[in-house]
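As stored in final-v5.txt (compact mmCIF, C-alpha atoms and all ligand atoms):
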# COMPACT_ATOMS: atom_id res chain seq x y z
CA MET A 1 0.00 0.00 0.00
CA SER A 2 1.34 3.44 -0.88
CA ARG A 3 0.98 6.39 1.43
CA TYR A 4 -1.25 8.02 -1.18
CA LEU A 5 -4.19 5.60 -0.96
CA ALA A 6 -7.38 7.15 0.40
CA GLN A 7 -7.92 6.20 4.03
CA ARG A 8 -11.31 4.61 3.29
CA TYR A 9 -9.67 1.90 1.18
CA ALA A 10 -6.95 1.01 3.67
CA SER A 11 -8.87 -1.95 5.10
CA LEU A 12 -10.64 -2.98 1.88
CA GLN A 13 -10.23 -6.71 1.21
CA ALA A 14 -10.34 -7.24 -2.54
CA TYR A 15 -12.16 -10.16 -4.11
CA VAL A 16 -9.89 -13.11 -4.90
CA PRO A 17 -10.91 -14.71 -8.20
CA GLY A 18 -10.66 -18.47 -8.73
CA GLU A 19 -7.38 -19.78 -10.06
CA GLN A 20 -6.82 -19.21 -13.81
CA PRO A 21 -3.79 -21.42 -14.49
CA ARG A 22 -1.53 -20.62 -17.42
CA GLU A 23 -0.38 -24.21 -17.84
CA LYS A 24 -2.21 -26.25 -20.49
CA GLY A 25 -3.81 -29.64 -20.16
CA LEU A 26 -5.56 -29.19 -16.81
CA ILE A 27 -9.18 -30.22 -16.51
CA LYS A 28 -10.58 -26.95 -15.31
CA LEU A 29 -13.68 -27.39 -13.16
CA ASN A 30 -13.11 -24.47 -10.78
CA THR A 31 -14.72 -21.27 -12.09
CA ASN A 32 -17.98 -22.39 -13.73
CA GLU A 33 -16.98 -21.62 -17.28
CA SER A 34 -18.60 -23.52 -20.13
CA PRO A 35 -16.64 -26.51 -21.45
CA TYR A 36 -18.13 -25.78 -24.87
CA PRO A 37 -17.09 -23.00 -27.25
CA PRO A 38 -19.44 -20.21 -28.34
CA ALA A 39 -21.69 -20.91 -31.36
CA PRO A 40 -19.83 -21.26 -34.70
CA GLU A 41 -21.27 -17.98 -36.00
CA VAL A 42 -19.98 -16.22 -32.88
CA CYS A 43 -16.51 -17.70 -33.40
CA ARG A 44 -16.58 -16.36 -36.97
CA ALA A 45 -17.98 -12.92 -36.08
CA ILE A 46 -14.71 -11.03 -35.89
CA ASP A 47 -12.67 -10.44 -39.01
CA ALA A 48 -9.90 -8.01 -39.93
CA ALA A 49 -12.42 -5.30 -40.78
CA GLU A 50 -13.90 -5.49 -37.28
CA VAL A 51 -10.45 -5.14 -35.80
CA ALA A 52 -9.66 -2.22 -38.11
CA ASP A 53 -12.83 -0.51 -36.86
CA LEU A 54 -11.37 -0.49 -33.36
CA ARG A 55 -9.96 2.92 -34.22
CA LEU A 56 -13.52 4.14 -33.60
CA TYR A 57 -15.14 4.27 -30.18
CA SER A 58 -17.88 1.78 -29.46
CA ASP A 59 -21.55 2.78 -29.23
CA PRO A 60 -21.91 4.15 -25.68
CA THR A 61 -25.63 3.29 -25.69
CA SER A 62 -25.02 -0.30 -26.90
CA SER A 63 -28.19 0.15 -28.86
CA ALA A 64 -28.01 -2.81 -31.26
CA LEU A 65 -27.37 -5.40 -28.55
CA LYS A 66 -30.06 -3.91 -26.32
CA GLU A 67 -32.50 -4.16 -29.21
CA LYS A 68 -31.68 -7.83 -29.74
CA LEU A 69 -32.00 -8.68 -26.05
CA ALA A 70 -35.24 -6.70 -25.75
CA ASN A 71 -36.80 -8.67 -28.61
CA HIS A 72 -35.47 -11.94 -27.31
CA TYR A 73 -36.79 -11.50 -23.78
CA GLY A 74 -39.96 -9.54 -24.58
CA VAL A 75 -38.99 -6.38 -22.70
CA LYS A 76 -38.26 -2.79 -23.77
CA LYS A 77 -34.81 -1.38 -24.44
CA GLU A 78 -35.36 0.95 -21.50
CA ASN A 79 -35.53 -2.13 -19.25
CA ILE A 80 -31.99 -3.22 -20.13
CA PHE A 81 -28.57 -2.27 -18.80
CA LEU A 82 -25.33 -3.69 -20.25
CA SER A 83 -22.01 -4.02 -18.49
CA ASN A 84 -18.46 -5.28 -18.68
CA GLY A 85 -19.24 -8.63 -17.08
CA SER A 86 -22.09 -8.76 -14.59
CA ASP A 87 -19.57 -7.92 -11.86
CA GLU A 88 -19.54 -4.37 -13.19
CA LEU A 89 -23.30 -4.03 -13.02
CA LEU A 90 -23.37 -5.53 -9.52
CA ASN A 91 -20.86 -2.87 -8.55
CA PHE A 92 -23.00 -0.08 -10.01
CA ALA A 93 -26.10 -1.52 -8.34
CA PHE A 94 -24.46 -1.60 -4.90
CA GLN A 95 -23.12 1.91 -5.44
CA ALA A 96 -26.52 3.21 -6.52
CA PHE A 97 -28.88 1.46 -4.14
CA GLY A 98 -26.99 0.29 -1.05
CA GLU A 99 -26.97 3.44 1.06
CA ARG A 100 -29.38 2.14 3.71
CA GLY A 101 -27.44 -1.11 4.01
CA VAL A 102 -27.46 -4.37 2.06
CA CYS A 103 -28.44 -7.86 3.17
CA PHE A 104 -27.45 -11.14 1.59
CA ALA A 105 -26.90 -14.78 2.59
CA ASP A 106 -23.91 -15.84 4.68
CA ILE A 107 -23.03 -18.41 2.03
CA THR A 108 -23.26 -16.76 -1.40
CA TYR A 109 -21.23 -14.95 -4.06
CA GLY A 110 -18.23 -13.46 -2.24
CA PHE A 111 -18.23 -10.24 -4.23
CA TYR A 112 -21.35 -8.89 -2.45
CA GLN A 113 -19.38 -8.35 0.73
CA VAL A 114 -16.57 -6.65 -1.20
CA TYR A 115 -18.91 -4.17 -2.91
CA CYS A 116 -20.38 -3.25 0.48
CA GLN A 117 -16.93 -2.51 1.82
CA LEU A 118 -15.90 -0.67 -1.33
CA HIS A 119 -18.81 1.74 -1.09
CA GLY A 120 -18.82 1.98 2.69
CA TRP A 121 -22.29 0.42 3.08
CA GLN A 122 -23.28 -1.80 5.97
CA GLY A 123 -23.54 -5.45 4.91
CA GLN A 124 -25.82 -7.79 6.86
CA LYS A 125 -25.28 -11.52 6.40
CA ILE A 126 -28.39 -13.63 6.82
CA PRO A 127 -27.53 -17.25 7.63
CA LEU A 128 -28.94 -19.82 5.26
CA ARG A 129 -31.14 -22.33 7.07
CA GLU A 130 -30.59 -26.04 7.57
CA GLY A 131 -29.25 -27.69 4.42
CA PHE A 132 -28.26 -24.26 3.01
CA GLN A 133 -31.91 -23.50 2.27
CA LEU A 134 -32.74 -19.84 1.78
CA ASP A 135 -35.91 -18.94 3.70
CA TYR A 136 -37.56 -16.03 1.87
CA ARG A 137 -39.23 -14.88 5.11
CA ASP A 138 -35.79 -13.88 6.43
CA TYR A 139 -35.68 -11.18 3.71
CA CYS A 140 -39.16 -9.69 4.09
CA GLY A 141 -39.65 -6.14 5.36
CA LEU A 142 -36.01 -5.39 6.10
CA GLY A 143 -35.98 -1.83 4.77
CA LYS A 144 -32.64 -2.20 3.05
CA MET A 145 -31.30 -3.43 -0.24
CA VAL A 146 -31.69 -7.20 -0.71
CA VAL A 147 -29.31 -9.22 -2.86
CA ILE A 148 -30.01 -12.87 -3.66
CA ALA A 149 -28.16 -15.11 -6.09
CA ASN A 150 -30.88 -17.34 -7.52
CA PRO A 151 -29.83 -20.06 -8.07
CA ASN A 152 -27.31 -19.49 -5.32
CA ALA A 153 -23.56 -20.03 -5.60
CA PRO A 154 -21.79 -22.09 -4.40
CA THR A 155 -24.73 -24.17 -3.15
CA GLY A 156 -26.59 -24.50 -6.47
CA LEU A 157 -29.97 -24.26 -4.72
CA SER A 158 -32.75 -21.98 -5.92
CA ILE A 159 -36.04 -20.49 -4.76
CA PRO A 160 -39.26 -20.26 -6.83
CA SER A 161 -40.31 -16.87 -8.18
CA TRP A 162 -43.41 -16.65 -5.92
CA GLN A 163 -40.99 -16.35 -3.01
CA VAL A 164 -39.06 -13.60 -4.81
CA GLU A 165 -42.41 -11.85 -5.26
CA LYS A 166 -43.10 -11.97 -1.50
CA ILE A 167 -39.71 -10.33 -0.90
CA LEU A 168 -40.40 -7.63 -3.52
CA LYS A 169 -43.83 -6.88 -2.04
CA SER A 170 -42.52 -6.51 1.49
CA ASN A 171 -39.58 -4.28 0.50
CA GLU A 172 -41.27 -1.66 -1.67
CA GLY A 173 -38.99 1.06 -0.31
CA SER A 174 -35.76 -0.65 -1.30
CA LEU A 175 -34.18 -2.35 -4.24
CA VAL A 176 -34.18 -6.15 -4.59
CA LEU A 177 -31.36 -7.46 -6.77
CA ILE A 178 -31.75 -11.02 -8.03
CA ASP A 179 -28.52 -12.35 -9.49
CA GLU A 180 -29.56 -14.88 -12.13
CA ALA A 181 -26.05 -15.76 -13.34
CA TYR A 182 -27.00 -19.47 -13.47
CA VAL A 183 -30.71 -19.34 -14.27
CA ASP A 184 -30.37 -20.92 -17.72
CA PHE A 185 -29.42 -24.25 -16.14
CA GLY A 186 -32.85 -24.97 -14.73
CA GLY A 187 -33.73 -22.26 -12.21
CA GLU A 188 -36.94 -20.22 -12.31
CA SER A 189 -36.43 -16.66 -13.51
CA CYS A 190 -38.43 -13.83 -11.97
CA LEU A 191 -38.40 -11.86 -15.24
CA SER A 192 -42.20 -12.13 -15.46
CA LEU A 193 -42.43 -9.91 -12.33
CA LEU A 194 -40.58 -7.04 -13.98
CA ASP A 195 -43.65 -5.08 -15.08
CA ARG A 196 -45.20 -5.15 -11.62
CA TYR A 197 -42.27 -4.28 -9.34
CA GLU A 198 -40.31 -1.09 -9.78
CA ASN A 199 -37.85 -2.26 -7.09
CA LEU A 200 -36.77 -5.40 -9.00
CA LEU A 201 -33.37 -5.59 -10.69
CA ILE A 202 -32.31 -8.86 -12.35
CA SER A 203 -28.66 -9.43 -13.13
CA ARG A 204 -27.51 -11.87 -15.83
CA THR A 205 -24.26 -12.75 -17.56
CA PHE A 206 -22.94 -14.16 -20.85
CA SER A 207 -20.06 -15.76 -18.89
CA LYS A 208 -21.57 -19.08 -17.90
CA SER A 209 -24.49 -20.18 -20.07
CA ARG A 210 -23.40 -18.17 -23.13
CA CYS A 211 -19.84 -19.56 -23.15
CA LEU A 212 -18.29 -16.08 -23.11
CA ALA A 213 -16.55 -15.59 -19.76
CA GLY A 214 -13.51 -14.01 -21.42
CA GLY A 215 -15.69 -11.62 -23.42
CA ARG A 216 -16.91 -9.84 -20.25
CA LEU A 217 -20.55 -9.17 -20.93
CA GLY A 218 -23.32 -8.77 -18.38
CA TYR A 219 -26.91 -7.55 -18.67
CA ALA A 220 -29.64 -6.53 -16.30
CA PHE A 221 -33.42 -6.11 -16.44
CA GLY A 222 -35.09 -3.43 -14.37
CA SER A 223 -37.73 -0.72 -14.43
CA PRO A 224 -36.83 2.23 -16.71
CA GLU A 225 -36.20 4.38 -13.60
CA VAL A 226 -33.78 1.88 -12.05
CA ILE A 227 -31.99 1.37 -15.37
CA ALA A 228 -31.66 5.15 -15.79
CA ASP A 229 -29.95 5.30 -12.38
CA LEU A 230 -27.44 2.66 -13.46
CA GLU A 231 -26.82 4.50 -16.75
CA LYS A 232 -26.12 7.67 -14.81
CA LEU A 233 -23.38 5.94 -12.85
CA LYS A 234 -22.00 4.26 -15.95
CA PHE A 235 -21.81 7.55 -17.85
CA SER A 236 -20.09 9.03 -14.81
CA THR A 237 -17.53 6.24 -14.79
CA ASN A 238 -16.83 4.89 -18.28
CA PRO A 239 -19.30 5.58 -21.13
CA TYR A 240 -17.49 3.10 -23.39
CA ASN A 241 -17.53 0.23 -20.90
CA LEU A 242 -18.20 -2.30 -23.68
CA ASP A 243 -15.79 -2.61 -26.56
CA ARG A 244 -16.87 -3.00 -30.18
CA LEU A 245 -15.79 -6.65 -30.42
CA THR A 246 -17.69 -7.75 -27.33
CA LEU A 247 -20.83 -5.95 -28.47
CA ARG A 248 -20.66 -7.74 -31.80
CA LEU A 249 -20.09 -11.12 -30.15
CA GLY A 250 -23.06 -10.43 -27.90
CA GLU A 251 -25.35 -9.71 -30.84
CA LYS A 252 -24.31 -12.89 -32.63
CA THR A 253 -24.79 -14.86 -29.42
CA VAL A 254 -28.39 -13.75 -28.95
CA GLU A 255 -29.10 -14.78 -32.56
CA ALA A 256 -27.75 -18.28 -31.93
CA GLU A 257 -30.20 -19.25 -29.17
CA ASP A 258 -30.79 -22.79 -30.48
CA TYR A 259 -27.11 -23.63 -30.18
CA TYR A 260 -27.02 -22.46 -26.56
CA ARG A 261 -30.19 -24.37 -25.64
CA ASP A 262 -28.44 -27.53 -26.82
CA VAL A 263 -25.39 -26.64 -24.71
CA TRP A 264 -27.57 -26.12 -21.60
CA ASN A 265 -29.34 -29.43 -22.13
CA LYS A 266 -26.03 -31.26 -22.53
CA ILE A 267 -24.61 -29.68 -19.38
CA MET A 268 -27.75 -30.45 -17.35
CA LYS A 269 -27.68 -34.07 -18.53
CA THR A 270 -24.00 -34.45 -17.65
CA ARG A 271 -24.67 -32.76 -14.29
CA ASP A 272 -27.46 -35.14 -13.31
CA TRP A 273 -25.42 -38.15 -14.42
CA THR A 274 -22.38 -36.96 -12.45
CA ALA A 275 -24.52 -36.33 -9.35
CA GLY A 276 -25.80 -39.92 -9.48
CA GLN A 277 -22.28 -41.30 -9.84
CA LEU A 278 -21.05 -39.24 -6.89
CA GLU A 279 -23.95 -40.43 -4.74
CA ASN A 280 -22.97 -44.00 -5.57
CA LEU A 281 -19.51 -43.16 -4.24
CA GLY A 282 -20.98 -41.99 -0.94
CA PHE A 283 -21.02 -38.24 -1.57
CA GLN A 284 -23.71 -35.88 -0.39
CA VAL A 285 -24.70 -33.85 -3.47
CA LEU A 286 -26.91 -30.79 -3.14
CA PRO A 287 -29.66 -30.67 -5.80
CA SER A 288 -28.21 -28.28 -8.39
CA GLN A 289 -29.96 -26.00 -10.84
CA THR A 290 -26.66 -24.64 -12.08
CA ASN A 291 -23.61 -25.78 -14.06
CA PHE A 292 -21.83 -26.97 -10.92
CA LEU A 293 -22.26 -29.42 -8.05
CA PHE A 294 -21.70 -28.69 -4.38
CA ILE A 295 -20.51 -31.88 -2.74
CA ARG A 296 -19.00 -33.41 0.37
CA ARG A 297 -18.19 -36.84 1.66
CA GLU A 298 -17.95 -37.97 5.26
CA GLY A 299 -14.31 -38.52 6.14
CA LEU A 300 -12.98 -36.65 3.11
CA ASP A 301 -11.47 -33.24 3.88
CA GLY A 302 -12.46 -30.54 1.38
CA LYS A 303 -9.00 -29.09 1.10
CA ALA A 304 -7.27 -32.48 0.89
CA PHE A 305 -9.67 -33.60 -1.87
CA TYR A 306 -8.97 -30.40 -3.78
CA GLN A 307 -5.20 -30.95 -3.44
CA GLN A 308 -5.32 -34.59 -4.45
CA LEU A 309 -7.36 -33.73 -7.53
CA ARG A 310 -4.93 -30.90 -8.28
CA SER A 311 -2.02 -33.33 -8.27
CA ARG A 312 -3.98 -35.36 -10.84
CA ARG A 313 -4.33 -32.20 -12.95
CA ILE A 314 -7.99 -31.61 -12.14
CA LEU A 315 -8.97 -28.25 -10.69
CA VAL A 316 -12.05 -27.84 -8.49
CA ARG A 317 -12.94 -25.24 -5.87
CA HIS A 318 -12.64 -25.51 -2.14
CA PHE A 319 -13.54 -22.86 0.44
CA GLU A 320 -11.98 -21.64 3.66
CA ASP A 321 -15.26 -20.46 5.26
CA SER A 322 -15.86 -22.72 8.26
CA ARG A 323 -19.43 -23.58 7.31
CA ILE A 324 -18.46 -24.98 3.92
CA ARG A 325 -14.86 -26.03 4.47
CA GLN A 326 -15.70 -29.68 3.96
CA PHE A 327 -17.43 -29.02 0.64
CA ASN A 328 -16.09 -28.74 -2.87
CA ARG A 329 -17.68 -27.00 -5.82
CA VAL A 330 -17.22 -28.84 -9.09
CA THR A 331 -18.06 -27.21 -12.41
CA ILE A 332 -19.76 -29.46 -14.95
CA GLY A 333 -17.42 -30.07 -17.87
CA THR A 334 -17.88 -32.33 -20.87
CA GLN A 335 -18.96 -35.91 -20.29
CA ALA A 336 -15.35 -37.05 -20.88
CA GLN A 337 -14.00 -34.53 -18.36
CA MET A 338 -16.50 -35.68 -15.73
CA GLU A 339 -15.53 -39.31 -16.36
CA ALA A 340 -11.89 -38.35 -15.75
CA PHE A 341 -12.91 -36.47 -12.59
CA LEU A 342 -14.84 -39.51 -11.30
CA GLU A 343 -11.97 -41.86 -12.10
CA ALA A 344 -9.56 -39.64 -10.16
CA THR A 345 -12.08 -39.48 -7.31
CA ARG A 346 -12.30 -43.28 -7.18
CA GLN A 347 -8.51 -43.48 -7.00
CA ILE A 348 -8.39 -40.92 -4.21
CA LEU A 349 -11.09 -42.73 -2.23
CA GLY A 350 -9.29 -46.01 -2.79
CA GLY A 351 -6.24 -44.52 -1.15
CA THR A 352 -8.00 -43.10 1.91
CA VAL A 353 -10.88 -45.41 2.89
C1 LIG B 1 -19.86 -15.79 -12.09
C2 LIG B 1 -20.82 -14.98 -11.29
C3 LIG B 1 -21.02 -13.62 -11.53
C4 LIG B 1 -20.12 -12.76 -12.39
O1 LIG B 1 -19.99 -13.08 -13.64
P1 LIG B 1 -19.31 -12.12 -14.72
O2 LIG B 1 -18.29 -12.99 -15.37
O3 LIG B 1 -18.73 -10.91 -14.07
O4 LIG B 1 -20.45 -11.76 -15.61
C5 LIG B 1 -22.02 -12.96 -10.84
N1 LIG B 1 -22.75 -13.60 -9.91
C6 LIG B 1 -22.57 -14.88 -9.63
C7 LIG B 1 -23.41 -15.51 -8.58
C8 LIG B 1 -21.59 -15.61 -10.29
O5 LIG B 1 -21.36 -16.88 -9.97
Could you render the structure as structure tokens?
Amino acid sequence: MSRYLAQRYASLQAYVPGEQPREKGLIKLNTNESPYPPAPEVCRAIDAAEVADLRLYSDPTSSALKEKLANHYGVKKENIFLSNGSDELLNFAFQAFGERGVCFADITYGFYQVYCQLHGWQGQKIPLREGFQLDYRDYCGLGKMVVIANPNAPTGLSIPSWQVEKILKSNEGSLVLIDEAYVDFGGESCLSLLDRYENLLISRTFSKSRCLAGGRLGYAFGSPEVIADLEKLKFSTNPYNLDRLTLRLGEKTVEAEDYYRDVWNKIMKTRDWTAGQLENLGFQVLPSQTNFLFIRREGLDGKAFYQQLRSRRILVRHFEDSRIRQFNRVTIGTQAQMEAFLEATRQILGGTV
């Protein structure tokens, strides 16, 4: 730390992203990326002319991509905000709406806590109930901003949209942010509530289900008033937050919906198969509506399992938080990758039990 840093950031603890190894040949099941490439037309979307056009600024209103998303999801352009990864829009949302404090689950996306600290807002952690279940009643009538990842990470569990509606109804005076980063893998979106609740903001990303984590593209749905607030912050920070290439990839992606539906179905099928195999090996597997599994096994230490897989060139996620230290989060890869993961797991179990 230099002696020039503003005092308010002295104790800020930055978010630590999952490991992104430079070495090749690892089976990477640690940061919930897609094992499949973007659609062929997306892979072909950038030619030399597109690169040459980089001399020009991108469209600060991202109008063409907003139009495509609006048509696709049956909303208006004024209901959509676009960002450099959904992390950026989460940041703007906390900045804009967190002044009276923010509440979120004790076990959820780690960035929520960081954004609270960054903006100097009070964060309140609400413990998940038995079995990591989120009880919607814990979030009703709190009078502060509510943030819920639905489905949740790293648990993979979700709540139905009627419960989200109860939370919206009881918190009319504050914003409710539903982070739907994983919703395409079987969760229930609350998008149909958008017209009726001005306090609803839904965050989405192209990173997981649209196979575009490295492209950095997030989108949100909200009332025109809430979206205008986010735009105000964006235009006060970085009007050109999305580059020309990413915008183009995003447009092509929305056009290729059929391809992505196939990808989601494949991943969900592999997920359910892998869950069954793990249960046969004695693992507890939380029911997942995401592209990852949250697992533990009696007598198997979460960190040791992570390390033993690592030495077999398979990367998964383990956590230091005491409540989930014995768990591992495993991203769903291709069928062949999951077979390799299970084979390594059998070897590890053979050596320890
Ligand atoms: C991955 C993830 C995000 C962020 O994704 P971006 O790559 O920044 O779009 C947001 N929320 C949750 C719950 C996530 O798991």
So which one's closest to ligand LIG 1 (chain B), A:Asp184, A:Glu320, A:Glu67, A:Glu88? Using all atoms listed in the file, please.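 The closest residue to ligand LIG 1 (chain B) is A:Glu88.
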Rounded to one decimal place, report the CA of Asn150 (chain A)-CA of Tyr306 (chain A) distance in Å.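 One can read the CA of Asn150 (chain A) to CA of Tyr306 (chain A) distance as 25.8 Å.
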Neighbours of point (-16.9, -10.4, -36.9) within 12 Å, using all atoms listed in the file, written as a count of residues only: 25
Residue with the minimum atom-to-atom distance to Gly141 (chain A), picked from A:Ala39, A:Thr331, A:Ser83, A:Glu172 with all atoms listed in the file counted, is A:Glu172
Within 9 Å of Cys140 (chain A) using only C-alpha atoms, minus same-chain residues under 3 positions, as a list in words: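 Listing them by chain and then by number gives Tyr136, Arg137, Gly143, Lys166, Ile167, Leu168, Lys169, Ser170 and Asn171 of chain A.
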Which chain A residues have any atom within 6 Å of an atom of ligand LIG 1 (chain B), and for each, what is the nearest pair of atoms with distance in Å to one decimal, counting only C-alpha atoms and all ligand atoms, rows sorted by chain and number, as CSV?
residue,atom,partner,partner_atom,distance
A:Gly85,CA,B:LIG1,O4,3.7
A:Ser86,CA,B:LIG1,O4,3.6
A:Asp87,CA,B:LIG1,O3,3.8
A:Tyr109,CA,B:LIG1,C7,5.0
A:Ala149,CA,B:LIG1,C7,5.4
A:Ala153,CA,B:LIG1,C7,5.4
A:Asp179,CA,B:LIG1,N1,5.9
A:Ala181,CA,B:LIG1,C6,5.2
A:Thr205,CA,B:LIG1,O4,4.4
A:Ser207,CA,B:LIG1,O2,4.8
A:Ala213,CA,B:LIG1,O2,5.4
A:Arg216,CA,B:LIG1,O2,6.0
A:Leu217,CA,B:LIG1,O4,5.9
A:Gly218,CA,B:LIG1,O4,5.0
If you count all atoms listed in the file, which residues fall within 12 Å of Phe292 (chain A), apart from same-chain ones fewer than 6 positions away, as a ChimeraX atom specification? /A:29-35,151-157,182,185-186,208-209,267-272,274-275,285-286,316-317,328-334,338
Can you tell me which residues surround Phe283 (chain A) at a distance of at most 6 Å, considering all atoms listed in the file, apart from same-chain residues fewer than 2 positions away, and format the answer as a PyMOL selection string? chain A and resi 278-279+281+296-297
For C-alpha atoms, please extract region 303-347 of chain A from the block and return it as a short mmCIF file (atom, residue, chain, number, x, y, z; two decimals), in the first residue's frame.
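Below you can see part-v9.cif, which holds the result:
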data_model
loop_
_atom_site.label_atom_id
_atom_site.label_comp_id
_atom_site.auth_asym_id
_atom_site.auth_seq_id
_atom_site.Cartn_x
_atom_site.Cartn_y
_atom_site.Cartn_z
CA LYS A 303 -9.00 -29.09 1.10
CA ALA A 304 -7.27 -32.48 0.89
CA PHE A 305 -9.67 -33.60 -1.87
CA TYR A 306 -8.97 -30.40 -3.78
CA GLN A 307 -5.20 -30.95 -3.44
CA GLN A 308 -5.32 -34.59 -4.45
CA LEU A 309 -7.36 -33.73 -7.53
CA ARG A 310 -4.93 -30.90 -8.28
CA SER A 311 -2.02 -33.33 -8.27
CA ARG A 312 -3.98 -35.36 -10.84
CA ARG A 313 -4.33 -32.20 -12.95
CA ILE A 314 -7.99 -31.61 -12.14
CA LEU A 315 -8.97 -28.25 -10.69
CA VAL A 316 -12.05 -27.84 -8.49
CA ARG A 317 -12.94 -25.24 -5.87
CA HIS A 318 -12.64 -25.51 -2.14
CA PHE A 319 -13.54 -22.86 0.44
CA GLU A 320 -11.98 -21.64 3.66
CA ASP A 321 -15.26 -20.46 5.26
CA SER A 322 -15.86 -22.72 8.26
CA ARG A 323 -19.43 -23.58 7.31
CA ILE A 324 -18.46 -24.98 3.92
CA ARG A 325 -14.86 -26.03 4.47
CA GLN A 326 -15.70 -29.68 3.96
CA PHE A 327 -17.43 -29.02 0.64
CA ASN A 328 -16.09 -28.74 -2.87
CA ARG A 329 -17.68 -27.00 -5.82
CA VAL A 330 -17.22 -28.84 -9.09
CA THR A 331 -18.06 -27.21 -12.41
CA ILE A 332 -19.76 -29.46 -14.95
CA GLY A 333 -17.42 -30.07 -17.87
CA THR A 334 -17.88 -32.33 -20.87
CA GLN A 335 -18.96 -35.91 -20.29
CA ALA A 336 -15.35 -37.05 -20.88
CA GLN A 337 -14.00 -34.53 -18.36
CA MET A 338 -16.50 -35.68 -15.73
CA GLU A 339 -15.53 -39.31 -16.36
CA ALA A 340 -11.89 -38.35 -15.75
CA PHE A 341 -12.91 -36.47 -12.59
CA LEU A 342 -14.84 -39.51 -11.30
CA GLU A 343 -11.97 -41.86 -12.10
CA ALA A 344 -9.56 -39.64 -10.16
CA THR A 345 -12.08 -39.48 -7.31
CA ARG A 346 -12.30 -43.28 -7.18
CA GLN A 347 -8.51 -43.48 -7.00
#
